[in-house]
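Novice: The file below is structure_4.csv, CSV, C-alpha atoms:
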chain,number,residue,atom,x,y,z
A,24,MET,CA,144.8,71.0,19.6
A,25,THR,CA,148.5,70.0,19.2
A,26,THR,CA,151.3,70.3,21.8
A,27,GLU,CA,155.1,70.3,21.9
A,28,ASN,CA,155.3,66.7,23.2
A,29,LYS,CA,153.7,64.6,20.4
A,30,ALA,CA,150.2,64.8,21.9
A,31,VAL,CA,147.0,65.7,20.2
A,32,ILE,CA,144.3,66.7,22.7
A,33,ARG,CA,140.6,66.6,22.1
A,34,VAL,CA,138.4,68.7,24.5
A,35,ASN,CA,134.8,68.1,25.1
A,36,PRO,CA,133.1,71.4,24.3
A,37,ASN,CA,130.4,70.7,26.9
A,38,ALA,CA,132.9,69.9,29.6
A,39,GLY,CA,136.3,71.6,29.3
A,40,ASN,CA,137.9,69.4,31.8
A,41,SER,CA,136.9,66.3,29.9
A,42,GLN,CA,139.9,65.7,27.6
A,43,MET,CA,141.3,62.8,25.5
A,44,VAL,CA,145.0,62.8,24.9
A,45,VAL,CA,146.5,60.9,21.9
A,46,ASN,CA,150.2,60.2,22.2
A,47,HIS,CA,150.9,58.7,18.8
A,48,SER,CA,154.3,56.9,18.7
A,49,MET,CA,154.6,57.4,14.9
A,50,VAL,CA,154.1,61.2,15.1
A,51,PRO,CA,157.2,63.4,15.5
A,52,GLN,CA,157.2,66.6,17.6
A,53,LEU,CA,154.0,68.6,16.9
A,54,SER,CA,153.6,72.2,15.8
A,55,ALA,CA,150.8,74.6,16.4
A,56,GLY,CA,149.1,74.2,13.0
A,57,ILE,CA,146.0,72.0,13.1
A,58,ILE,CA,142.6,72.1,11.4
A,59,LYS,CA,139.5,69.9,11.4
A,60,ASP,CA,138.8,67.8,8.3
A,61,PRO,CA,136.9,70.1,5.8
A,62,ASP,CA,134.3,67.3,5.1
A,63,GLY,CA,133.4,67.1,8.7
A,64,LEU,CA,134.9,63.6,9.1
A,65,GLN,CA,136.4,62.4,12.4
A,66,ARG,CA,140.0,63.4,11.6
A,67,VAL,CA,142.4,66.3,11.8
A,68,TRP,CA,145.2,67.7,9.7
A,69,PHE,CA,148.4,69.0,11.3
A,70,ALA,CA,152.1,69.6,10.8
A,71,ALA,CA,154.7,67.6,12.6
A,72,PRO,CA,158.3,68.8,12.4
A,73,ALA,CA,160.6,65.8,12.6
A,74,PRO,CA,164.3,65.4,13.7
A,75,PRO,CA,166.8,66.4,11.1
A,76,ALA,CA,167.4,62.9,9.9
A,77,GLN,CA,163.7,62.4,9.0
A,78,GLU,CA,161.3,64.0,6.4
A,79,ASP,CA,158.9,66.5,8.0
A,80,PRO,CA,155.4,65.4,7.3
A,81,ILE,CA,152.0,67.0,7.0
A,82,VAL,CA,149.8,64.5,8.8
A,83,ILE,CA,146.1,63.4,8.6
A,84,MET,CA,145.1,61.6,11.7
A,85,GLU,CA,141.8,59.8,12.4
A,86,THR,CA,140.3,60.8,15.8
A,87,THR,CA,138.6,57.4,16.4
A,88,GLY,CA,139.8,53.8,16.7
A,89,ILE,CA,143.6,53.4,16.6
A,90,ASN,CA,144.0,57.0,15.4
A,91,ALA,CA,145.4,55.9,12.0
A,92,ILE,CA,147.6,58.4,10.3
A,93,GLN,CA,148.7,59.3,6.8
A,94,PHE,CA,152.0,61.2,6.0
A,95,TYR,CA,152.7,63.7,3.3
A,96,PRO,CA,156.5,64.2,3.6
A,97,LEU,CA,158.3,67.6,3.1
A,98,GLU,CA,162.0,68.2,3.0
A,99,ASN,CA,164.2,66.8,5.8
A,100,ASP,CA,164.6,70.1,7.6
A,101,ALA,CA,161.3,71.7,6.6
A,102,LYS,CA,158.9,73.3,9.1
A,103,ALA,CA,155.2,74.1,8.6
A,104,GLU,CA,154.5,77.1,10.7
A,105,SER,CA,150.7,77.3,10.0
A,106,ILE,CA,147.9,75.5,8.3
A,107,LYS,CA,144.8,76.9,6.6
A,108,LEU,CA,142.0,75.6,4.4
A,109,ARG,CA,141.6,76.5,0.7
A,110,THR,CA,138.5,75.6,-1.3
A,111,THR,CA,138.5,75.6,-5.1
A,112,ASN,CA,135.5,75.3,-7.3
A,113,VAL,CA,136.4,72.7,-9.9
A,114,GLY,CA,132.9,72.5,-11.3
A,115,SER,CA,131.7,73.7,-14.6
A,116,GLY,CA,128.4,74.8,-16.2
A,117,GLY,CA,127.2,76.7,-13.2
A,118,THR,CA,127.4,73.6,-10.9
A,119,PRO,CA,129.9,74.3,-8.0
A,120,ILE,CA,132.0,71.3,-7.0
A,121,PRO,CA,134.5,72.1,-4.1
A,122,GLU,CA,138.0,70.6,-3.9
A,123,TYR,CA,139.8,71.0,-0.6
A,124,SER,CA,143.5,71.8,-0.2
A,125,LEU,CA,145.6,72.6,2.8
A,126,ILE,CA,148.0,75.6,2.5
A,127,PHE,CA,150.9,76.2,4.8
A,128,ALA,CA,153.9,78.5,5.4
A,129,GLU,CA,157.3,76.8,5.2
A,130,PRO,CA,160.0,79.2,6.4
A,131,GLN,CA,163.2,77.1,6.2
A,132,HIS,CA,163.0,76.7,2.4
A,133,SER,CA,160.9,79.9,2.0
A,134,TYR,CA,157.7,78.7,0.2
A,135,ILE,CA,154.0,78.6,0.7
A,136,GLY,CA,152.9,75.0,0.1
A,137,ILE,CA,149.6,73.7,-1.2
A,138,LEU,CA,148.6,70.1,-0.4
A,139,THR,CA,145.6,68.7,-2.2
A,140,PRO,CA,144.9,65.2,-0.7
A,141,SER,CA,142.7,64.1,-3.7
A,142,HIS,CA,145.9,64.5,-5.9
A,143,GLY,CA,148.4,63.5,-3.2
A,144,THR,CA,150.8,66.2,-4.4
A,145,ILE,CA,152.3,69.3,-2.8
A,146,ASP,CA,152.7,72.4,-5.0
A,147,ARG,CA,155.3,75.0,-3.8
A,148,MET,CA,155.1,78.8,-4.3
A,149,PRO,CA,158.7,80.2,-3.6
A,150,VAL,CA,159.0,83.4,-1.7
A,151,SER,CA,162.1,85.4,-2.7
A,152,GLN,CA,162.0,88.0,0.0
A,153,SER,CA,164.4,87.5,2.9
A,154,THR,CA,161.8,86.8,5.5
A,155,TRP,CA,161.0,84.0,8.0
A,156,LEU,CA,157.5,82.9,6.9
A,157,TRP,CA,155.0,82.8,9.7
A,158,ASP,CA,151.4,82.5,8.6
A,159,VAL,CA,149.3,82.3,5.4
A,160,ALA,CA,145.8,83.1,4.3
A,161,VAL,CA,143.8,83.0,1.0
A,162,THR,CA,141.1,85.0,-0.7
A,163,THR,CA,139.1,83.8,-3.6
A,164,ASP,CA,137.1,85.5,-6.4
A,165,THR,CA,133.3,85.1,-6.9
A,166,THR,CA,133.7,82.1,-9.2
A,167,GLY,CA,135.6,80.2,-6.5
A,168,LYS,CA,138.4,79.4,-9.0
A,169,ILE,CA,140.9,82.2,-8.7
A,170,HIS,CA,142.9,82.7,-5.6
A,171,THR,CA,145.1,85.4,-4.1
A,172,TYR,CA,147.5,84.3,-1.4
A,173,TRP,CA,148.7,86.3,1.7
A,174,ALA,CA,151.6,85.6,4.0
A,175,THR,CA,153.3,87.2,6.9
A,176,GLY,CA,157.1,87.0,7.5
A,177,GLN,CA,159.6,88.2,10.1
A,178,THR,CA,163.2,89.1,10.6
A,179,ARG,CA,165.4,86.4,12.2
A,180,THR,CA,168.9,86.8,13.7
A,181,THR,CA,169.8,83.1,14.0
A,182,THR,CA,170.6,80.8,11.1
A,183,PRO,CA,169.1,81.0,8.6
A,184,VAL,CA,169.1,84.8,9.0
A,185,ARG,CA,166.2,86.8,7.6
A,186,THR,CA,166.2,90.6,7.2
A,187,GLU,CA,162.6,91.6,6.5
A,188,ASN,CA,159.3,92.0,8.2
A,189,GLY,CA,156.3,92.1,5.9
A,190,LEU,CA,152.8,91.3,4.7
A,191,TYR,CA,153.1,89.7,1.2
A,192,ARG,CA,150.7,89.1,-1.6
A,193,ARG,CA,150.8,86.7,-4.6
A,194,SER,CA,148.1,87.9,-7.0
A,195,PRO,CA,146.3,85.6,-9.5
A,196,GLY,CA,148.6,84.6,-12.4
A,197,ALA,CA,151.7,86.1,-10.7
A,198,MET,CA,154.9,84.1,-10.1
A,199,ALA,CA,156.4,86.5,-7.5
A,200,TRP,CA,155.2,87.8,-4.2
A,201,GLU,CA,154.9,91.6,-3.5
A,202,ARG,CA,155.3,93.3,-0.2
A,203,ILE,CA,152.2,95.3,1.0
A,204,GLU,CA,153.2,98.4,2.9
A,205,VAL,CA,151.1,98.2,6.0
A,206,LEU,CA,153.7,97.9,8.7
A,207,ARG,CA,155.6,100.6,10.6
A,208,GLY,CA,159.4,100.5,10.7
A,209,GLY,CA,160.6,97.7,12.8
A,210,GLN,CA,157.1,96.3,13.3
A,211,LYS,CA,156.9,92.5,13.3
A,212,PRO,CA,153.8,90.7,11.9
A,213,PHE,CA,152.4,87.4,13.2
A,214,TYR,CA,149.0,85.9,12.3
A,215,VAL,CA,146.8,86.7,9.3
A,216,ILE,CA,143.2,85.9,8.4
A,217,ALA,CA,141.0,87.0,5.5
A,218,ASP,CA,137.5,87.1,4.2
A,219,THR,CA,135.9,88.4,1.0
A,220,THR,CA,136.4,92.0,2.1
A,221,ALA,CA,139.6,92.4,3.9
A,222,VAL,CA,142.8,90.9,5.4
A,223,TRP,CA,143.6,91.2,9.1
A,224,LEU,CA,146.9,90.6,10.8
A,225,THR,CA,148.4,91.0,14.3
A,226,ALA,CA,151.8,92.7,14.8
A,227,THR,CA,154.1,93.8,17.6
A,228,ASN,CA,156.4,96.9,18.1
A,229,PRO,CA,153.9,98.5,18.4
A,230,ASN,CA,151.2,96.0,19.4
A,231,GLN,CA,148.4,96.4,16.8
A,232,VAL,CA,145.7,94.8,14.8
A,233,ILE,CA,145.9,95.9,11.1
A,234,ARG,CA,143.1,95.7,8.5
A,235,PHE,CA,143.9,95.9,4.8
A,236,ASP,CA,140.8,96.6,2.7
A,237,LEU,CA,140.7,94.5,-0.5
A,238,GLY,CA,138.5,97.1,-2.2
A,239,THR,CA,140.4,100.3,-1.5
A,240,GLY,CA,143.9,99.0,-0.9
A,241,THR,CA,144.1,101.1,2.3
A,242,ALA,CA,145.0,100.0,5.8
A,243,ARG,CA,143.5,100.8,9.3
A,244,THR,CA,145.0,99.9,12.6
A,245,ALA,CA,143.9,99.4,16.2
A,246,ASP,CA,146.4,99.7,19.1
A,247,LEU,CA,146.5,97.1,21.9
A,248,GLY,CA,148.8,99.1,24.2
A,249,THR,CA,150.9,96.6,26.3
A,250,ALA,CA,148.9,93.6,25.2
A,251,ILE,CA,150.9,91.3,22.8
A,252,PRO,CA,148.5,90.1,20.1
A,253,GLN,CA,148.4,86.5,18.9
A,254,GLN,CA,145.8,84.6,16.8
A,255,LEU,CA,142.6,86.1,15.6
A,256,THR,CA,139.2,85.0,14.3
A,257,LEU,CA,135.9,86.3,13.1
A,258,SER,CA,132.9,85.5,15.3
A,259,PRO,CA,129.4,84.3,14.2
A,260,THR,CA,128.2,87.9,14.8
A,261,GLY,CA,130.8,89.4,12.4
A,262,GLU,CA,133.1,90.9,15.0
A,263,LEU,CA,136.9,90.4,15.0
A,264,TRP,CA,138.3,88.7,18.1
A,265,VAL,CA,142.0,88.8,19.0
A,266,ALA,CA,143.8,86.7,21.6
A,267,SER,CA,146.6,88.5,23.5
A,268,SER,CA,148.8,88.3,26.5
A,269,GLU,CA,146.1,90.2,28.4
A,270,GLY,CA,143.0,88.3,27.3
A,271,LEU,CA,140.5,88.5,24.5
A,272,HIS,CA,139.9,91.7,22.5
A,273,GLU,CA,136.7,92.4,20.5
A,274,PHE,CA,136.7,94.8,17.6
A,275,ASP,CA,134.3,95.9,15.0
A,276,ALA,CA,135.6,94.1,11.9
A,277,ARG,CA,136.3,97.4,10.1
A,278,LEU,CA,138.3,98.6,13.2
A,279,ASN,CA,136.1,101.7,13.4
A,280,THR,CA,136.1,101.5,17.2
A,281,ASN,CA,138.8,101.1,19.9
A,282,GLY,CA,137.4,97.7,20.9
A,283,SER,CA,137.0,96.1,24.3
A,284,LEU,CA,139.0,93.7,26.4
A,285,VAL,CA,137.8,90.5,28.2
A,286,ARG,CA,140.3,89.3,30.8
A,287,LEU,CA,140.6,85.6,31.4
A,288,PRO,CA,139.0,84.3,34.6
A,289,ASN,CA,142.2,82.6,35.8
A,290,GLY,CA,144.6,85.2,34.7
A,291,GLY,CA,147.3,84.7,32.1
A,292,GLY,CA,147.0,85.3,28.4
A,293,ALA,CA,145.4,83.7,25.3
A,294,LYS,CA,147.2,82.5,22.2
A,295,GLY,CA,145.0,80.2,20.1
A,296,ILE,CA,141.4,81.2,19.4
A,297,CYS,CA,138.6,79.6,17.4
A,298,VAL,CA,134.8,79.4,17.2
A,299,ALA,CA,132.8,76.4,18.4
A,300,ALA,CA,129.6,74.9,16.9
A,301,ASP,CA,127.5,76.6,19.4
A,302,GLY,CA,129.0,80.1,18.8
A,303,LYS,CA,131.3,80.1,21.8
A,304,LEU,CA,134.9,81.3,21.5
A,305,TRP,CA,137.5,78.8,22.7
A,306,TYR,CA,141.1,79.8,23.6
A,307,THR,CA,144.3,78.4,24.8
A,308,ASN,CA,146.1,79.9,27.8
A,309,PRO,CA,149.8,78.9,27.6
A,310,THR,CA,150.5,80.8,30.9
A,311,ARG,CA,148.2,78.5,32.9
A,312,LYS,CA,148.5,75.5,30.5
A,313,THR,CA,144.7,75.5,30.1
A,314,VAL,CA,141.9,75.9,27.6
A,315,GLY,CA,138.8,78.0,28.2
A,316,SER,CA,135.6,79.2,26.5
A,317,TYR,CA,133.8,82.5,26.4
A,318,SER,CA,130.2,83.0,25.5
A,319,VAL,CA,129.7,86.3,23.7
A,320,PRO,CA,126.9,88.1,25.5
A,321,PRO,CA,123.7,89.0,23.5
A,322,PRO,CA,123.1,92.6,22.6
A,323,PRO,CA,121.4,94.9,25.1
A,324,TYR,CA,117.7,94.4,25.8
A,325,GLY,CA,115.6,95.8,23.0
A,326,ALA,CA,118.6,95.9,20.5
A,327,PRO,CA,118.3,94.1,17.2
A,328,SER,CA,119.9,90.6,17.1
A,329,ARG,CA,123.4,90.5,15.7
A,330,LEU,CA,123.4,86.8,15.0
A,331,GLY,CA,124.4,85.8,11.5
A,332,ARG,CA,122.4,83.6,9.2
A,333,THR,CA,122.9,80.5,7.0
A,334,GLN,CA,121.6,80.8,3.5
A,335,ILE,CA,121.6,78.3,0.6
A,336,VAL,CA,123.9,79.1,-2.3
A,337,ALA,CA,123.3,76.1,-4.5
A,338,GLN,CA,121.2,73.0,-4.4
A,339,GLY,CA,121.7,69.7,-6.1
A,340,GLU,CA,119.1,67.1,-6.9
A,341,THR,CA,115.7,67.4,-5.2
A,342,GLU,CA,114.6,63.9,-6.0
A,343,ALA,CA,116.4,60.6,-6.0
A,344,HIS,CA,115.7,56.9,-6.1
A,345,MET,CA,116.3,54.5,-3.2
A,346,LYS,CA,119.9,53.4,-2.8
A,347,ASP,CA,121.1,56.3,-4.9
A,348,GLU,CA,124.1,58.5,-4.3
A,349,VAL,CA,123.4,62.2,-4.2
A,350,ALA,CA,126.6,64.3,-4.5
A,351,GLN,CA,126.6,67.9,-3.5
A,352,PRO,CA,123.1,68.0,-2.1
A,353,LEU,CA,123.5,71.5,-0.7
A,354,ILE,CA,126.0,74.4,-0.6
A,355,ALA,CA,125.4,77.1,2.0
A,356,GLU,CA,127.1,80.2,3.3
A,357,TYR,CA,127.2,81.9,6.7
A,358,VAL,CA,126.6,85.6,6.5
A,359,ALA,CA,127.0,88.3,9.3
A,360,ASN,CA,126.8,92.0,8.9
A,361,GLY,CA,126.3,91.6,5.2
A,362,ARG,CA,129.3,89.5,4.4
A,363,PRO,CA,130.2,85.7,4.4
A,364,VAL,CA,132.2,84.7,7.4
A,365,PRO,CA,135.0,82.0,7.2
A,366,GLY,CA,136.0,79.7,10.1
A,367,ILE,CA,132.4,79.2,11.4
A,368,PRO,CA,131.6,75.5,12.3
A,369,LEU,CA,128.1,74.8,10.9
A,370,THR,CA,126.1,71.8,11.9
A,371,CYS,CA,124.9,69.8,8.8
A,372,ARG,CA,122.0,67.3,9.4
A,373,ILE,CA,119.8,64.8,7.7
A,374,ASP,CA,116.4,64.2,9.3
A,375,ALA,CA,115.5,60.8,7.7
A,376,GLU,CA,114.8,57.2,8.4
A,377,GLY,CA,116.9,55.6,5.7
A,378,ALA,CA,119.0,58.4,4.1
A,379,ALA,CA,122.4,59.4,5.7
A,380,PHE,CA,125.7,60.9,4.8
A,381,GLU,CA,128.1,58.6,3.1
A,382,ASP,CA,129.8,57.6,6.4
A,383,GLY,CA,126.4,56.5,7.8
A,384,THR,CA,126.0,59.5,10.1
A,385,HIS,CA,123.1,62.0,10.2
A,386,GLU,CA,125.1,65.0,11.6
A,387,ARG,CA,128.4,66.5,10.8
A,388,VAL,CA,130.1,69.8,11.8
A,389,ILE,CA,131.8,71.5,8.9
A,390,ILE,CA,133.8,74.7,9.0
A,391,THR,CA,133.1,77.4,6.5
A,392,ASP,CA,135.9,78.0,4.0
A,393,GLN,CA,137.6,81.3,2.9
A,394,ARG,CA,134.4,82.3,1.2
A,395,GLY,CA,132.2,81.5,4.2
A,396,ARG,CA,130.8,78.4,2.6
A,397,VAL,CA,130.2,74.8,3.3
A,398,ALA,CA,129.4,71.9,0.9
A,399,LEU,CA,127.3,69.2,2.5
A,400,PRO,CA,128.8,65.7,1.9
A,401,THR,CA,127.3,63.1,-0.4
A,402,VAL,CA,124.0,61.6,0.7
A,403,ILE,CA,123.2,57.8,0.4
A,404,THR,CA,119.4,57.5,0.1
A,405,GLY,CA,118.9,54.1,1.7
A,406,ASP,CA,115.9,51.8,1.0
A,407,VAL,CA,113.1,53.9,2.5
A,408,GLN,CA,110.6,55.9,0.5
A,409,GLU,CA,110.6,59.3,2.3
A,410,GLN,CA,111.0,63.0,2.4
A,411,ALA,CA,114.5,63.6,3.8
A,412,VAL,CA,115.1,67.0,5.3
A,413,ILE,CA,118.7,68.3,4.8
A,414,SER,CA,119.6,71.3,6.9
A,415,VAL,CA,122.6,73.4,7.9
A,416,GLY,CA,123.1,76.1,10.5
A,417,LEU,CA,125.1,77.3,13.5
A,418,GLY,CA,124.3,74.6,16.1
A,419,ASP,CA,120.9,75.3,17.5
A,420,THR,CA,121.5,79.0,18.1
A,421,GLU,CA,119.8,80.2,14.8
A,422,PRO,CA,117.3,78.8,12.3
A,423,HIS,CA,118.8,76.3,9.9
A,424,ALA,CA,118.6,76.7,6.1
A,425,ALA,CA,116.9,73.5,4.9
A,426,THR,CA,115.7,71.7,1.8
A,427,THR,CA,113.9,68.5,1.1
A,428,LEU,CA,115.1,65.5,-0.8
A,429,THR,CA,112.3,63.3,-2.1
A,430,ILE,CA,113.3,59.6,-2.2
A,431,THR,CA,111.2,57.4,-4.5
A,432,PRO,CA,111.3,53.7,-5.4
A,433,ALA,CA,113.8,52.8,-8.2
Would you kindly transcribe this structure into structure tokens?
Specialist:
Amino acid sequence: MTTENKAVIRVNPNAGNSQMVVNHSMVPQLSAGIIKDPDGLQRVWFAAPAPPAQEDPIVIMETTGINAIQFYPLENDAKAESIKLRTTNVGSGGTPIPEYSLIFAEPQHSYIGILTPSHGTIDRMPVSQSTWLWDVAVTTDTTGKIHTYWATGQTRTTTPVRTENGLYRRSPGAMAWERIEVLRGGQKPFYVIADTTAVWLTATNPNQVIRFDLGTGTARTADLGTAIPQQLTLSPTGELWVASSEGLHEFDARLNTNGSLVRLPNGGGAKGICVAADGKLWYTNPTRKTVGSYSVPPPPYGAPSRLGRTQIVAQGETEAHMKDEVAQPLIAEYVANGRPVPGIPLTCRIDAEGAAFEDGTHERVIITDQRGRVALPTVITGDVQEQAVISVGLGDTEPHAATTLTITPA
């Protein structure tokens, strides 16, 4: 996680009080936007608003060694209010090849930015509405090539003044953003997420969670009463969880029920929320300046399991020679309640004597993208003749989807 004092903090998921703090002298003041590397490498991406005399960068920081960093500068007075992952299928002929990009909301200059590290460039999609951009999400068609972008924006009374609250959509092929009428008069939106079926956002005045159905174009709301909603996520069981000033709220993802509230054990409220590799929910508590985790209880005795499942979408080569490089060995998706779920950290493994991922490891945790998918990294086969088992799944809480790579002499 990032803080307001140039520190990046890593928390041990097995011991919440075991934390490593990185105070990087070259990093300006940090924002709240941070994501794990989409390839499962030991690095993070975040935004770092700098003083007015400096260019504000998007930063990639290694989480080992000397914590080396790489800057992608923005405008001098730019801000990046949020960071999300976008995956694009750049393959052809039925062979999917993912290319990762980072998308962010820049309110000062009113654009949604797209940073593709493999190109080293930042594309900008201007937003003409008078709104202070806050958060961004992306939905993608079944080919993985065509994107629809979503953004929330707020009114602002200080310079630069903004006059409009809204949820905005940029459709494929469009150059302009359109406002989607889901808010009440004076209602202010905050965070937004999306999957293949819907877009969800939190809002205040009144405090609500709003679901916009991509199929029907209709909206449904759930009221939170006095609880001020913050970030939200989908769980491995397919439910929607919302952090708020009163704790953690669980909803059916279609908002068909009123939901339930889990209060935090030490009081205070939750702001950030995410899913861990073992299926736990982790949250930040700004009131107490702490982080905590919550294990979602299993269904009642005798009820069917609600756990999701990992399934193979595409498989690369099934046989390779020793010391070969096998790109895209496996693409899998995580499905719960009949739909792929984004933001789920899946554990990718190689059970082999000689074969390993390209960085020499045998295990990586990779977060599912906006289509609920992960692409396993390149495999280096080594110098052992063997049957390498490649698998992916949610930690050890559910059966892994697996395939075998037969490694033969050259």
Novice: Scan for residues within 8 Å of the point (126.0, 91.6, 12.2) in the coordinates of the file, using only C-alpha atoms, and reply as a VMD selection string.
Specialist: chain A and resid 260 to 262 328 to 331 359 to 361
Novice: So which one's closest to Asp158 (chain A), A:Glu376, A:Glu421, A:Glu104, A:Glu386? Using all atoms listed in the file, please.
Specialist: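 Checking each of A:Glu376, A:Glu421, A:Glu104, A:Glu386 against Asp158 (chain A), counting all atoms listed in the file, the winner is A:Glu104.
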Novice: Can you tell me how far CA of Ile81 (chain A) sits from CA of Thr180 (chain A), in Å to one decimal?
Specialist: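 Distance reported for this atom pair: 26.9 Å.
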Novice: For a test of reading the model, state the distance in Å between CA of Thr227 (chain A) and CA of Gln210 (chain A), rounded to one decimal.
Specialist: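 Here the two named atoms are 5.8 Å from each other.
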Novice: Kindly indicate which residue among A:Thr162, A:Gln410, A:Thr280, A:Ser267 lies nearest to Thr310 (chain A), using all atoms listed in the file for the distances.
Specialist: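 Closest to Thr310 (chain A), using all atoms listed in the file: A:Ser267.
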Novice: Using all atoms listed in the file, what residues lie at most 12 Å away from (123.6, 75.7, 12.4) (file coordinates), given as an NGL selection string?
Specialist: :A and (259 or 299-302 or 330-334 or 355-358 or 367-372 or 386-391 or 397 or 413-425)
Novice: Taking all atoms listed in the file into account, which of A:Thr249, A:Asn90, A:Val34, A:Arg179 comes nearest Asn46 (chain A)?
Specialist: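 Nearest candidate to Asn46 (chain A) out of A:Thr249, A:Asn90, A:Val34, A:Arg179: A:Asn90.
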Novice: Restricting the calculation to only C-alpha atoms: of A:Glu273, A:Asp392, A:Glu187, A:Glu201, which residue gets closest to Val364 (chain A)?
Specialist: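 Ranked by minimum distance to Val364 (chain A), first place goes to A:Asp392.
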Novice: Would you mind telling me which residue in A:Gln408, A:Gln52, A:Thr86, A:Gln351 lies nearest to Arg66 (chain A) when using all atoms listed in the file?
Specialist: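 Closest to Arg66 (chain A) of all the choices is A:Thr86.
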Novice: For Gly136 (chain A), find every residue with an atom within 9 Å (counting only C-alpha atoms), except residues of its own chain fewer than 5 positions away, and show them as a PyMOL selection string.
Specialist: chain A and resi 103+125-129+145-149
Novice: When distances are computed from only C-alpha atoms, which of A:Lys294, A:Met198, A:Val265, A:Ala250 shows the smallest separation from Leu278 (chain A)?
Specialist: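 Closest candidate: A:Val265.
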Novice: Could you state the separation of CA of Thr239 (chain A) and CA of Arg277 (chain A) in Å, given to one decimal place?
Specialist: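 These atoms are spaced 12.6 Å apart.
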Novice: Where atoms are absent from region 157-169 of chain A, fill them in so it carries N, CA and C atoms, then output it as a short mmCIF file (atom, residue, chain, number, x, y, z; two decimals), keeping the file's coordinate frame.
Specialist:
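Result written to part34.cif:
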data_model
loop_
_atom_site.label_atom_id
_atom_site.label_comp_id
_atom_site.auth_asym_id
_atom_site.auth_seq_id
_atom_site.Cartn_x
_atom_site.Cartn_y
_atom_site.Cartn_z
N TRP A 157 155.67 83.07 8.46
CA TRP A 157 155.00 82.80 9.70
C TRP A 157 153.59 82.25 9.53
N ASP A 158 152.77 82.94 8.74
CA ASP A 158 151.40 82.50 8.60
C ASP A 158 150.92 82.82 7.16
N VAL A 159 149.78 82.23 6.80
CA VAL A 159 149.30 82.30 5.40
C VAL A 159 147.78 82.40 5.43
N ALA A 160 147.21 83.07 4.43
CA ALA A 160 145.80 83.10 4.30
C ALA A 160 145.49 83.17 2.75
N VAL A 161 144.21 82.98 2.39
CA VAL A 161 143.80 83.00 1.00
C VAL A 161 142.51 83.69 0.81
N THR A 162 142.40 84.46 -0.28
CA THR A 162 141.10 85.00 -0.70
C THR A 162 140.80 84.53 -2.08
N THR A 163 139.51 84.45 -2.39
CA THR A 163 139.10 83.80 -3.60
C THR A 163 138.00 84.64 -4.30
N ASP A 164 138.02 84.68 -5.64
CA ASP A 164 137.10 85.50 -6.40
C ASP A 164 135.66 84.86 -6.34
N THR A 165 134.70 85.54 -6.95
CA THR A 165 133.30 85.10 -6.90
C THR A 165 133.05 83.79 -7.57
N THR A 166 133.91 83.39 -8.52
CA THR A 166 133.70 82.10 -9.20
C THR A 166 134.21 80.94 -8.34
N GLY A 167 135.02 81.23 -7.33
CA GLY A 167 135.60 80.20 -6.50
C GLY A 167 136.79 79.50 -7.11
N LYS A 168 137.28 80.02 -8.24
CA LYS A 168 138.40 79.40 -9.00
C LYS A 168 139.70 80.09 -8.90
N ILE A 169 139.67 81.38 -8.66
CA ILE A 169 140.90 82.20 -8.70
C ILE A 169 141.26 82.68 -7.33
#
